[in-house]
file my_file_12.cif (mmCIF, C-alpha atoms)
data_upload
#
loop_
_atom_site.label_atom_id
_atom_site.label_comp_id
_atom_site.auth_asym_id
_atom_site.auth_seq_id
_atom_site.Cartn_x
_atom_site.Cartn_y
_atom_site.Cartn_z
CA MET A 1 98.18 119.90 107.11
CA ASP A 2 100.89 122.31 106.05
CA GLU A 3 99.66 124.01 102.87
CA ALA A 4 103.12 125.27 101.99
CA GLN A 5 104.55 121.78 101.94
CA ASP A 6 106.46 120.76 98.82
CA PRO A 7 104.45 117.83 97.42
CA SER A 8 107.61 116.13 96.12
CA ASP A 9 109.33 116.32 99.51
CA ILE A 10 109.23 112.67 100.59
CA ALA A 11 110.81 113.34 103.97
CA GLY A 12 108.24 116.06 104.71
CA LEU A 13 105.40 113.79 103.62
CA LEU A 14 106.71 111.01 105.84
CA MET A 15 106.84 113.35 108.82
CA ALA A 16 103.30 114.53 108.10
CA THR A 17 102.23 110.89 107.80
CA ALA A 18 103.73 110.28 111.23
CA ARG A 19 101.28 112.94 112.47
CA GLN A 20 98.48 110.84 110.88
CA ASP A 21 97.93 113.33 108.05
CA GLN A 22 95.88 111.24 105.59
CA GLN A 23 96.32 113.62 102.66
CA ALA A 24 100.08 113.62 103.08
CA PHE A 25 99.97 109.82 103.21
CA GLU A 26 98.04 109.69 99.95
CA ARG A 27 100.51 112.09 98.30
CA LEU A 28 103.36 109.93 99.59
CA TYR A 29 101.66 106.90 98.04
CA ARG A 30 101.13 108.66 94.70
CA LEU A 31 104.76 109.74 94.67
CA THR A 32 106.46 106.51 95.71
CA SER A 33 104.15 103.56 95.02
CA ALA A 34 105.36 103.01 91.43
CA LYS A 35 108.92 102.60 92.66
CA LEU A 36 107.94 100.25 95.49
CA PHE A 37 105.54 98.27 93.29
CA GLY A 38 108.34 97.84 90.72
CA ILE A 39 110.43 96.28 93.50
CA CYS A 40 107.57 94.01 94.66
CA LYS A 41 106.87 92.85 91.10
CA ARG A 42 110.58 92.15 90.57
CA MET A 43 110.90 90.07 93.74
CA LEU A 44 107.53 88.28 93.72
CA LEU A 45 106.56 86.54 90.50
CA GLN A 46 102.78 86.74 90.97
CA GLY A 47 101.22 90.15 90.45
CA THR A 48 98.59 89.48 93.13
CA ASP A 49 101.32 88.66 95.68
CA ALA A 50 103.08 91.92 94.75
CA GLU A 51 99.83 93.84 95.29
CA ASP A 52 99.25 92.18 98.68
CA VAL A 53 102.78 93.00 99.82
CA LEU A 54 102.54 96.58 98.54
CA GLN A 55 99.44 96.96 100.70
CA GLU A 56 101.35 95.62 103.73
CA VAL A 57 104.22 97.98 102.95
CA TYR A 58 102.05 101.10 103.07
CA ILE A 59 100.15 99.94 106.15
CA THR A 60 103.56 99.58 107.79
CA VAL A 61 104.61 103.01 106.51
CA TRP A 62 101.44 104.50 108.03
CA ALA A 63 102.12 102.74 111.35
CA LYS A 64 105.86 103.39 111.52
CA ALA A 65 106.39 106.72 109.76
CA ALA A 66 107.46 108.25 113.06
CA GLN A 67 110.47 105.93 113.06
CA PHE A 68 111.90 107.54 109.94
CA ASP A 69 114.95 109.56 110.93
CA ALA A 70 116.10 112.06 108.30
CA GLN A 71 119.53 112.15 109.99
CA ARG A 72 120.05 108.48 109.29
CA GLY A 73 119.33 108.17 105.64
CA LYS A 74 117.35 109.07 102.56
CA PRO A 75 113.59 108.79 102.87
CA ILE A 76 113.30 106.82 99.62
CA THR A 77 115.81 104.28 100.94
CA TRP A 78 113.77 103.94 104.13
CA LEU A 79 110.74 103.12 101.98
CA THR A 80 112.51 100.76 99.56
CA THR A 81 114.07 98.95 102.51
CA ILE A 82 110.62 98.27 103.96
CA ALA A 83 109.43 97.05 100.56
CA ARG A 84 112.36 94.66 100.05
CA SER A 85 112.10 93.43 103.61
CA LYS A 86 108.37 92.67 103.29
CA CYS A 87 108.99 90.88 99.99
CA ILE A 88 111.76 88.77 101.53
CA ASP A 89 109.58 87.93 104.55
CA ARG A 90 106.76 86.88 102.21
CA LEU A 91 109.16 84.72 100.18
CA ARG A 92 110.47 83.04 103.34
CA LEU A 93 106.96 82.40 104.57
CA GLY A 94 106.37 80.20 101.52
CA GLY A 95 103.20 79.64 99.55
CA VAL A 96 104.26 82.14 96.89
CA ASP A 97 106.12 81.59 93.63
CA ARG A 98 109.77 82.55 93.79
CA HIS A 99 112.60 82.89 91.30
CA MET A 100 114.02 79.41 90.66
CA ASP A 101 115.35 79.70 87.09
CA PRO A 102 118.99 78.72 86.52
CA VAL A 103 121.51 81.55 86.88
CA ASP A 104 124.18 82.05 84.23
CA LEU A 105 127.30 82.82 86.27
CA ASP A 106 129.17 84.44 83.40
CA GLN A 107 126.41 86.86 82.45
CA LEU A 108 127.49 90.28 81.31
CA PRO A 109 126.52 93.25 83.44
CA GLU A 110 123.00 94.44 82.67
CA PRO A 111 122.72 97.56 80.53
CA GLU A 112 122.90 100.57 82.79
CA LYS A 113 119.78 102.54 83.46
CA THR A 114 120.05 105.76 85.35
CA ASP A 115 117.42 106.71 87.85
CA PRO A 116 116.95 110.46 87.73
CA VAL A 117 115.89 110.61 91.37
CA GLU A 118 118.70 111.38 93.79
CA LEU A 119 120.52 108.07 93.41
CA ALA A 120 122.83 109.01 90.57
CA SER A 121 126.17 109.59 92.30
CA ASP A 122 125.74 106.76 94.82
CA GLN A 123 124.78 104.56 91.93
CA GLN A 124 127.97 105.37 90.04
CA ARG A 125 130.03 104.62 93.11
CA LEU A 126 128.31 101.27 93.71
CA ASP A 127 128.54 100.35 89.99
CA ASN A 128 132.22 101.08 90.13
CA CYS A 129 132.72 98.92 93.23
CA LEU A 130 130.58 96.11 91.77
CA SER A 131 132.63 96.17 88.59
CA ASN A 132 135.76 95.50 90.67
CA LEU A 133 134.29 92.20 91.89
CA GLN A 134 134.90 88.88 90.18
CA THR A 135 132.16 88.32 87.63
CA GLN A 136 130.70 85.34 89.49
CA HIS A 137 130.62 87.17 92.82
CA ARG A 138 128.94 90.16 91.22
CA THR A 139 126.37 87.96 89.49
CA VAL A 140 125.30 86.11 92.63
CA ILE A 141 125.19 89.27 94.74
CA LYS A 142 122.95 91.00 92.23
CA THR A 143 120.77 87.91 91.85
CA ALA A 144 120.38 87.65 95.63
CA PHE A 145 119.52 91.34 95.89
CA PHE A 146 116.94 91.40 93.11
CA ASP A 147 115.35 87.98 93.65
CA GLY A 148 115.52 87.93 97.46
CA CYS A 149 116.73 84.34 97.39
CA THR A 150 118.53 82.36 100.07
CA TYR A 151 122.00 80.81 99.93
CA HIS A 152 120.29 77.47 99.33
CA ASP A 153 118.32 78.77 96.35
CA LEU A 154 121.40 80.48 94.92
CA ALA A 155 123.38 77.25 95.23
CA ALA A 156 120.60 75.30 93.53
CA ARG A 157 120.16 77.86 90.75
CA THR A 158 123.88 78.01 89.95
CA GLY A 159 124.89 74.40 90.65
CA VAL A 160 127.60 75.73 93.00
CA PRO A 161 128.08 73.99 96.40
CA LEU A 162 126.44 75.81 99.33
CA GLY A 163 129.74 76.45 101.13
CA THR A 164 131.27 77.96 98.00
CA MET A 165 128.20 80.14 97.49
CA LYS A 166 128.40 81.48 101.05
CA SER A 167 132.07 82.27 100.62
CA TRP A 168 131.48 84.03 97.27
CA ILE A 169 128.73 86.23 98.70
CA ARG A 170 130.63 87.03 101.90
CA ARG A 171 133.84 87.86 100.05
CA GLY A 172 131.87 89.96 97.59
CA LEU A 173 130.13 91.87 100.39
CA MET A 174 133.38 92.51 102.23
CA SER A 175 135.03 93.73 99.00
CA LEU A 176 132.10 96.08 98.47
CA LYS A 177 132.47 97.36 102.00
CA ALA A 178 136.19 98.00 101.53
CA CYS A 179 135.52 99.78 98.24
CA LEU A 180 132.53 101.87 99.42
CA GLU A 181 133.95 102.81 102.82
CA GLN A 182 137.56 103.51 101.87
CA MET B 1 128.72 108.24 109.16
CA ASN B 2 130.46 104.94 109.69
CA THR B 3 129.82 102.90 112.80
CA THR B 4 131.54 99.75 111.53
CA ARG B 5 134.34 99.96 114.12
CA LEU B 6 131.81 99.40 116.90
CA ILE B 7 130.67 96.08 115.49
CA SER B 8 132.62 92.84 115.12
CA GLU B 9 133.55 91.63 111.63
CA GLU B 10 131.30 88.63 112.11
CA ASP B 11 128.26 90.70 113.11
CA ASP B 12 128.93 93.16 110.30
CA GLN B 13 128.94 90.29 107.82
CA ARG B 14 125.63 89.08 109.24
CA LEU B 15 124.08 92.52 108.83
CA ALA B 16 125.36 92.68 105.24
CA GLU B 17 123.81 89.28 104.53
CA TYR B 18 120.56 90.46 106.12
CA ALA B 19 120.51 93.61 103.98
CA LEU B 20 121.30 91.63 100.83
CA GLY B 21 118.45 89.23 101.67
CA VAL B 22 120.14 85.81 101.63
CA LEU B 23 119.27 84.69 105.17
CA GLU B 24 116.65 82.08 106.05
CA ALA B 25 113.59 83.08 108.09
CA ASP B 26 115.00 81.95 111.46
CA GLU B 27 118.31 83.73 110.79
CA ARG B 28 116.42 86.90 109.90
CA ARG B 29 114.45 86.71 113.16
CA SER B 30 117.65 86.36 115.18
CA VAL B 31 119.21 89.41 113.45
CA GLU B 32 116.00 91.36 114.12
CA ALA B 33 116.17 90.46 117.80
CA GLN B 34 119.72 91.86 117.90
CA LEU B 35 118.58 94.98 116.05
CA ALA B 36 115.83 95.63 118.57
CA ALA B 37 118.31 95.31 121.43
CA ASP B 38 121.11 97.48 120.06
CA ALA B 39 120.71 100.85 118.32
CA GLY B 40 124.26 100.57 116.95
CA TYR B 41 123.27 97.49 114.96
CA ALA B 42 120.26 99.24 113.52
CA GLU B 43 122.41 102.20 112.44
CA ARG B 44 124.95 99.92 110.84
CA LEU B 45 122.19 98.00 109.04
CA ALA B 46 120.86 101.30 107.67
CA GLU B 47 124.33 101.91 106.23
CA TRP B 48 124.32 98.53 104.50
CA HIS B 49 120.86 99.20 103.10
CA ALA B 50 122.13 102.55 101.81
CA HIS B 51 125.19 100.86 100.26
CA LEU B 52 123.07 98.39 98.29
CA ALA B 53 120.01 100.55 97.52
CA PRO B 54 121.49 102.22 94.39
CA MET B 55 121.08 98.86 92.60
CA LEU B 56 117.32 99.45 92.77
CA ALA B 57 117.69 102.08 90.05
CA GLU B 58 117.86 99.13 87.63
CA ILE B 59 114.25 98.24 88.42
CA ALA B 60 111.70 100.09 86.31
CA ASP B 61 108.88 101.84 88.15
CA GLN B 62 105.46 100.21 87.78
CA THR B 63 102.27 102.00 88.66
CA PRO B 64 100.12 99.72 90.84
CA PRO B 65 96.44 99.25 89.91
CA GLU B 66 94.19 101.90 91.45
CA TYR B 67 92.33 99.41 93.65
CA VAL B 68 95.49 98.78 95.69
CA TRP B 69 95.27 102.30 97.07
CA ALA B 70 91.57 101.81 97.81
CA ARG B 71 92.40 98.61 99.71
CA ILE B 72 95.10 100.36 101.76
CA ARG B 73 92.77 103.21 102.57
CA ASP B 74 89.92 100.81 103.47
CA SER B 75 92.06 98.62 105.66
CA LEU B 76 93.25 101.66 107.62
CA GLY B 77 89.68 102.83 108.02
CA GLN B 78 90.48 106.11 106.28
CA ASN B 79 87.79 108.12 104.51
CA PRO B 80 87.37 106.82 101.01
CA ARG B 81 87.45 109.48 98.35
CA HIS B 82 87.08 106.90 95.63
CA GLU B 83 84.01 105.19 94.26
CA GLU B 84 83.19 101.60 95.09
CA ALA B 85 84.22 100.66 91.55
CA VAL B 86 87.95 100.99 92.12
CA ARG B 87 87.89 98.14 94.63
CA SER B 88 87.29 95.56 91.93
CA ARG B 89 90.25 93.50 90.89
CA PRO B 90 89.94 93.27 87.10
CA GLU B 91 92.49 90.46 86.59
CA GLY B 92 91.53 88.64 89.79
CA ARG B 93 90.80 84.95 89.70
CA GLY B 94 87.25 84.43 88.52
CA SER B 95 86.40 87.94 87.51
CA ILE B 96 87.09 87.33 83.84
CA TRP B 97 84.41 84.64 83.83
CA GLU B 98 82.01 86.90 85.60
CA SER B 99 82.65 89.58 83.01
CA LEU B 100 82.10 87.06 80.23
CA ASN B 101 78.84 85.87 81.75
CA ALA B 102 77.68 89.39 82.24
CA TRP B 103 78.55 90.34 78.69
CA ARG B 104 76.85 87.23 77.29
CA TRP B 105 73.74 88.29 79.14
CA LEU B 106 74.11 91.83 77.92
CA THR B 107 74.11 90.85 74.26
CA ALA B 108 70.41 90.02 74.67
CA GLY B 109 69.64 93.65 75.40
CA SER B 110 69.52 96.65 73.12
CA ALA B 111 72.61 98.70 72.42
CA ALA B 112 71.36 101.48 74.64
CA ALA B 113 70.67 99.07 77.49
CA ALA B 114 74.09 97.55 76.96
CA LEU B 115 75.72 100.91 77.33
CA LEU B 116 73.84 101.53 80.54
CA MET B 117 74.69 98.09 81.84
CA ALA B 118 78.34 98.53 80.96
CA LEU B 119 78.39 101.46 83.32
CA LEU B 120 76.57 99.49 86.02
CA LEU B 121 78.83 96.47 85.57
CA VAL B 122 81.82 98.35 86.90
CA VAL B 123 79.93 99.03 90.10
CA MET B 124 78.49 95.52 90.35
CA LEU B 125 81.66 93.47 89.92
CA PRO B 126 82.87 93.62 93.51
CA ARG B 127 79.56 92.20 94.70
CA GLU B 128 79.76 89.44 92.10
CA ASP B 129 83.13 88.57 93.63
CA SER B 130 81.56 88.02 97.01
CA LEU B 131 79.29 85.34 95.56
CA GLN B 132 82.35 83.18 94.89
CA PRO B 133 83.87 82.54 98.31
CA ILE B 134 86.29 79.92 97.00
CA ASP B 135 88.14 82.60 95.05
CA SER B 136 87.90 85.37 97.58
CA MET B 137 90.60 87.17 99.49
CA LEU B 138 89.66 88.87 102.72
CA THR B 139 91.90 91.25 104.53
CA ALA B 140 91.82 93.03 107.87
CA ALA B 141 94.05 95.52 109.60
CA LEU B 142 94.07 94.67 113.29
CA GLN B 143 94.22 97.79 115.37
CA LEU B 144 94.80 98.62 119.00
CA GLU B 145 92.21 100.72 120.78
CA THR B 146 94.41 103.72 119.94
CA GLY B 147 93.89 103.04 116.24
CA GLN B 148 97.45 101.87 115.71
CA VAL B 149 97.64 98.98 113.25
CA VAL B 150 99.59 96.08 114.77
CA TYR B 151 98.91 93.28 112.29
CA THR B 152 97.50 92.79 108.85
CA ALA B 153 95.74 89.51 108.20
CA THR B 154 94.91 88.25 104.72
CA LEU B 155 92.73 85.18 104.33
CA ASP B 156 93.23 83.43 101.01
CA ALA B 157 90.20 81.16 100.77
CA SER B 158 91.48 79.19 97.76
CA ARG B 159 94.69 78.31 99.59
CA ARG B 160 92.88 77.96 102.93
CA SER B 161 95.63 79.99 104.49
CA LEU B 162 95.84 83.08 106.57
CA VAL B 163 98.92 85.28 106.36
CA VAL B 164 99.41 87.47 109.40
CA VAL B 165 102.08 90.15 109.18
CA PRO B 166 103.06 92.40 112.08
CA ALA B 167 103.01 96.13 111.37
CA ALA B 168 104.14 97.21 114.83
CA GLU B 169 105.13 95.68 118.13
CA ILE B 170 102.51 94.44 120.56
CA GLN B 171 103.05 94.22 124.33
CA LEU B 172 102.63 90.55 125.26
CA GLU B 173 103.73 90.76 128.90
CA GLY B 174 104.71 87.10 128.98
CA ARG B 175 101.50 85.87 127.38
CA ASP B 176 100.74 84.44 123.94
CA ALA B 177 98.76 86.33 121.30
CA GLU B 178 95.86 84.20 120.05
CA LEU B 179 93.93 85.08 116.91
CA TRP B 180 90.15 84.62 116.77
CA LEU B 181 87.55 84.72 114.04
CA ILE B 182 84.22 86.18 115.09
CA ALA B 183 81.49 85.57 112.51
CA GLY B 184 77.83 86.34 113.02
CA ASP B 185 76.43 85.28 116.39
CA LEU B 186 78.75 82.29 116.75
CA PRO B 187 81.28 82.12 119.57
CA PRO B 188 84.84 83.17 118.64
CA GLN B 189 86.75 80.47 116.75
CA SER B 190 90.47 80.15 117.45
CA LEU B 191 92.72 80.51 114.40
CA GLY B 192 95.89 79.80 116.37
CA LEU B 193 98.72 81.53 118.17
CA LEU B 194 100.76 84.31 116.59
CA PRO B 195 104.54 84.21 116.87
CA ALA B 196 106.01 86.90 119.12
CA ASP B 197 107.86 88.37 116.15
CA GLY B 198 107.65 88.00 112.42
CA ALA B 199 104.99 86.97 110.00
CA ALA B 200 103.00 83.75 110.19
CA ARG B 201 101.09 81.58 107.77
CA LEU B 202 98.26 79.76 109.53
CA ALA B 203 96.36 76.88 107.96
CA VAL B 204 92.64 77.53 108.26
CA PRO B 205 90.19 74.60 108.44
CA GLU B 206 87.64 74.58 105.64
CA GLU B 207 84.70 75.11 107.99
CA LEU B 208 86.29 78.32 109.29
CA VAL B 209 87.05 79.53 105.77
CA ALA B 210 83.35 79.01 105.04
CA LEU B 211 82.39 81.11 108.07
CA ALA B 212 84.61 84.05 107.20
CA ASN B 213 83.09 86.81 105.15
CA ALA B 214 83.25 90.56 104.78
CA ASN B 215 82.13 92.01 108.13
CA SER B 216 83.51 89.09 110.15
CA VAL B 217 86.01 90.24 112.75
CA PHE B 218 89.52 89.11 113.57
CA ALA B 219 90.51 89.71 117.17
CA ILE B 220 93.65 89.08 119.20
CA SER B 221 93.48 88.19 122.87
CA LEU B 222 96.33 87.70 125.31
CA GLU B 223 96.29 84.16 126.64
CA PRO B 224 98.41 82.00 128.94
CA PRO B 225 101.45 80.48 127.19
CA GLY B 226 100.18 77.75 124.85
CA GLY B 227 96.85 79.45 124.19
CA SER B 228 93.44 79.66 125.76
CA PRO B 229 92.77 76.65 127.99
CA THR B 230 89.00 76.85 127.39
CA GLY B 231 88.76 77.24 123.62
CA LEU B 232 87.29 80.70 124.11
CA PRO B 233 89.15 83.97 124.73
CA THR B 234 90.06 84.22 128.42
CA GLY B 235 92.38 87.25 128.38
CA PRO B 236 91.95 90.86 127.27
CA VAL B 237 91.19 91.52 123.60
CA VAL B 238 93.99 93.87 122.58
CA ALA B 239 93.43 94.34 118.85
CA GLN B 240 90.72 93.75 116.31
CA GLY B 241 89.80 94.46 112.73
CA VAL B 242 86.89 93.91 110.36
CA LEU B 243 87.45 91.73 107.29
CA ALA B 244 86.96 93.37 103.93
CA ASP B 245 86.89 91.91 100.44
CA ILE B 246 89.87 92.67 98.29
#
call {"tool": "encode", "arguments": {"input": "my_file_12.cif", "output": "structure tokens"}}
result
Amino acid sequence: MDEAQDPSDIAGLLMATARQDQQAFERLYRLTSAKLFGICKRMLLQGTDAEDVLQEVYITVWAKAAQFDAQRGKPITWLTTIARSKCIDRLRLGGVDRHMDPVDLDQLPEPEKTDPVELASDQQRLDNCLSNLQTQHRTVIKTAFFDGCTYHDLAARTGVPLGTMKSWIRRGLMSLKACLEQ
Amino acid sequence: MNTTRLISEEDDQRLAEYALGVLEADERRSVEAQLAADAGYAERLAEWHAHLAPMLAEIADQTPPEYVWARIRDSLGQNPRHEEAVRSRPEGRGSIWESLNAWRWLTAGSAAAALLMALLLVVMLPREDSLQPIDSMLTAALQLETGQVVYTATLDASRRSLVVVPAAEIQLEGRDAELWLIAGDLPPQSLGLLPADGAARLAVPEELVALANANSVFAISLEPPGGSPTGLPTGPVVAQGVLADI
């Protein structure tokens, strides 16, 4: 283990984890598990399901840490992507409770909360692009992202026909792309 | 970096839908097959994830219970630095009743004995759990000989289901991966075939649920397509892991 390593350096901890450094892996867990568990609890309604998936997430991180490429993105995004992906896979597998409550299509944007960790400027840019979307498109995109639900579930939860839902999401995503990549 | 020009509009839309999380399981598997075959797709998907990730700032952090770390560490076979006590699951199904029973019993003792027992209780709870198989969850990390974890398997006795999630790729070489339960001195019991990619939920017959306990072993053998013709493993055992209570 590298004694000089900055304990808050997630990329460094991931690279040490790739070398099977157990202490670095534990530090990585201490540093990032609250964020990833917040995501799991948001996507999976049952706390025990969230705990099971969080365990799978870190077993995957241990096994795949070598695949993290600092050139290709932020380490925290690499981790949150694994967490969301595992939650979505668990939701698709069935046998767990999922978000099924009706969605109010005209809901106002949620009060903004700023994450102090490295996301701030990207967050402003995405907020700005999301605010350019039609309210309904923005609402269903955010619901899909946070609840991990399928087109079918979104259609059922909003009472909007499936075809319309697909077109809303796709148009919303392509507008986001145009806005974020201009 | 923007690789969007290398990818058709239609594929880019699919990757965006994948990153957002609206696709069904089979659609996700087909995107993942494309990702594995084409590094450009994977790079583009990483860009979509990065585009959407800032929304996660809206989710408040939540510190997981301490026993989750102990479970992770146990399932990877890493040296525990924590006491046995942290493995208990305080809000787990059944444990409240066990606590109540224990406390009811404790009231019979003196205050000093109660204090002592309160300390012991924390250590005893996990064992109490194991007396109630119907409520138990057993988990195993299945590892290759090299120690690499390739699957995690969680047996939920109350739901009689086994969730198997891949953690890394496994070389099948045209064969099927079959999962086995090895308990005590009994011959291996087949739990079914694992899909080549993606997670699986396997229904487990009640008699096999009853057999499984901490220290049973899950093993994966490579079998001819369709599974072992004999009902016992015929091919090489490529991964295995010991079940542990969670």
call {"tool": "residues_around", "arguments": {"input": "my_file_12.cif", "residues": "stretch 13-28 of chain B", "least_positions_apart": "6", "cutoff": "10 Å", "atoms": "only C-alpha atoms", "output": "PyMOL selection string"}}
result
(chain A and resi 81+84-85+87-93+141-154+166+169-171+173-174+177) or (chain B and resi 7+34-35+41-42+44-53+198-199)
call {"tool": "closest_residue", "arguments": {"input": "my_file_12.cif", "among": "A:Cys179, A:Gln124, A:Ala70, A:Leu105", "to": "A:Thr158", "atoms": "all atoms listed in the file"}}
result
A:Leu105
call {"tool": "atom_distance", "arguments": {"input": "my_file_12.cif", "atom1": "atom CA of A:Pro75", "atom2": "atom CA of A:Leu14"}}
result
7.8 Å
call {"tool": "axis_aligned_box", "arguments": {"input": "my_file_12.cif", "around": "stretch 35-42 of chain B", "padding_each_side": "4 Å", "output": "lines of an AutoDock Vina configuration file"}}
result
center_x = 120.0
center_y = 97.9
center_z = 117.5
size_x = 16.4
size_y = 13.9
size_z = 15.9
call {"tool": "resolve_selection", "arguments": {"input": "my_file_12.cif", "expression": "the PyMOL selection byres ((chain B and resi 243) around 8)", "output": "count of residues only"}}
result
14
call {"tool": "closest_residue", "arguments": {"input": "my_file_12.cif", "among": "B:Leu6, B:Leu144, B:Leu191, B:Val163", "to": "B:Pro236", "atoms": "all atoms listed in the file"}}
result
B:Leu144
call {"tool": "residues_around", "arguments": {"input": "my_file_12.cif", "residues": "A:Ala83", "least_positions_apart": "3", "cutoff": "7 Å", "atoms": "all atoms listed in the file", "output": "number ranges by chain"}}
result
A: 36, 40, 57, 79-80, 86-87
call {"tool": "write_last_selection", "arguments": {"input": "my_file_12.cif", "atoms": "C-alpha atoms", "output": "PDB file, in the coordinates of the input"}}
result
ATOM      1  CA  LEU A  36     107.940 100.250  95.490  1.00  0.00           C
ATOM      2  CA  CYS A  40     107.570  94.010  94.660  1.00  0.00           C
ATOM      3  CA  VAL A  57     104.220  97.980 102.950  1.00  0.00           C
ATOM      4  CA  LEU A  79     110.740 103.120 101.980  1.00  0.00           C
ATOM      5  CA  THR A  80     112.510 100.760  99.560  1.00  0.00           C
ATOM      6  CA  LYS A  86     108.370  92.670 103.290  1.00  0.00           C
ATOM      7  CA  CYS A  87     108.990  90.880  99.990  1.00  0.00           C
TER       8      CYS A  87
END
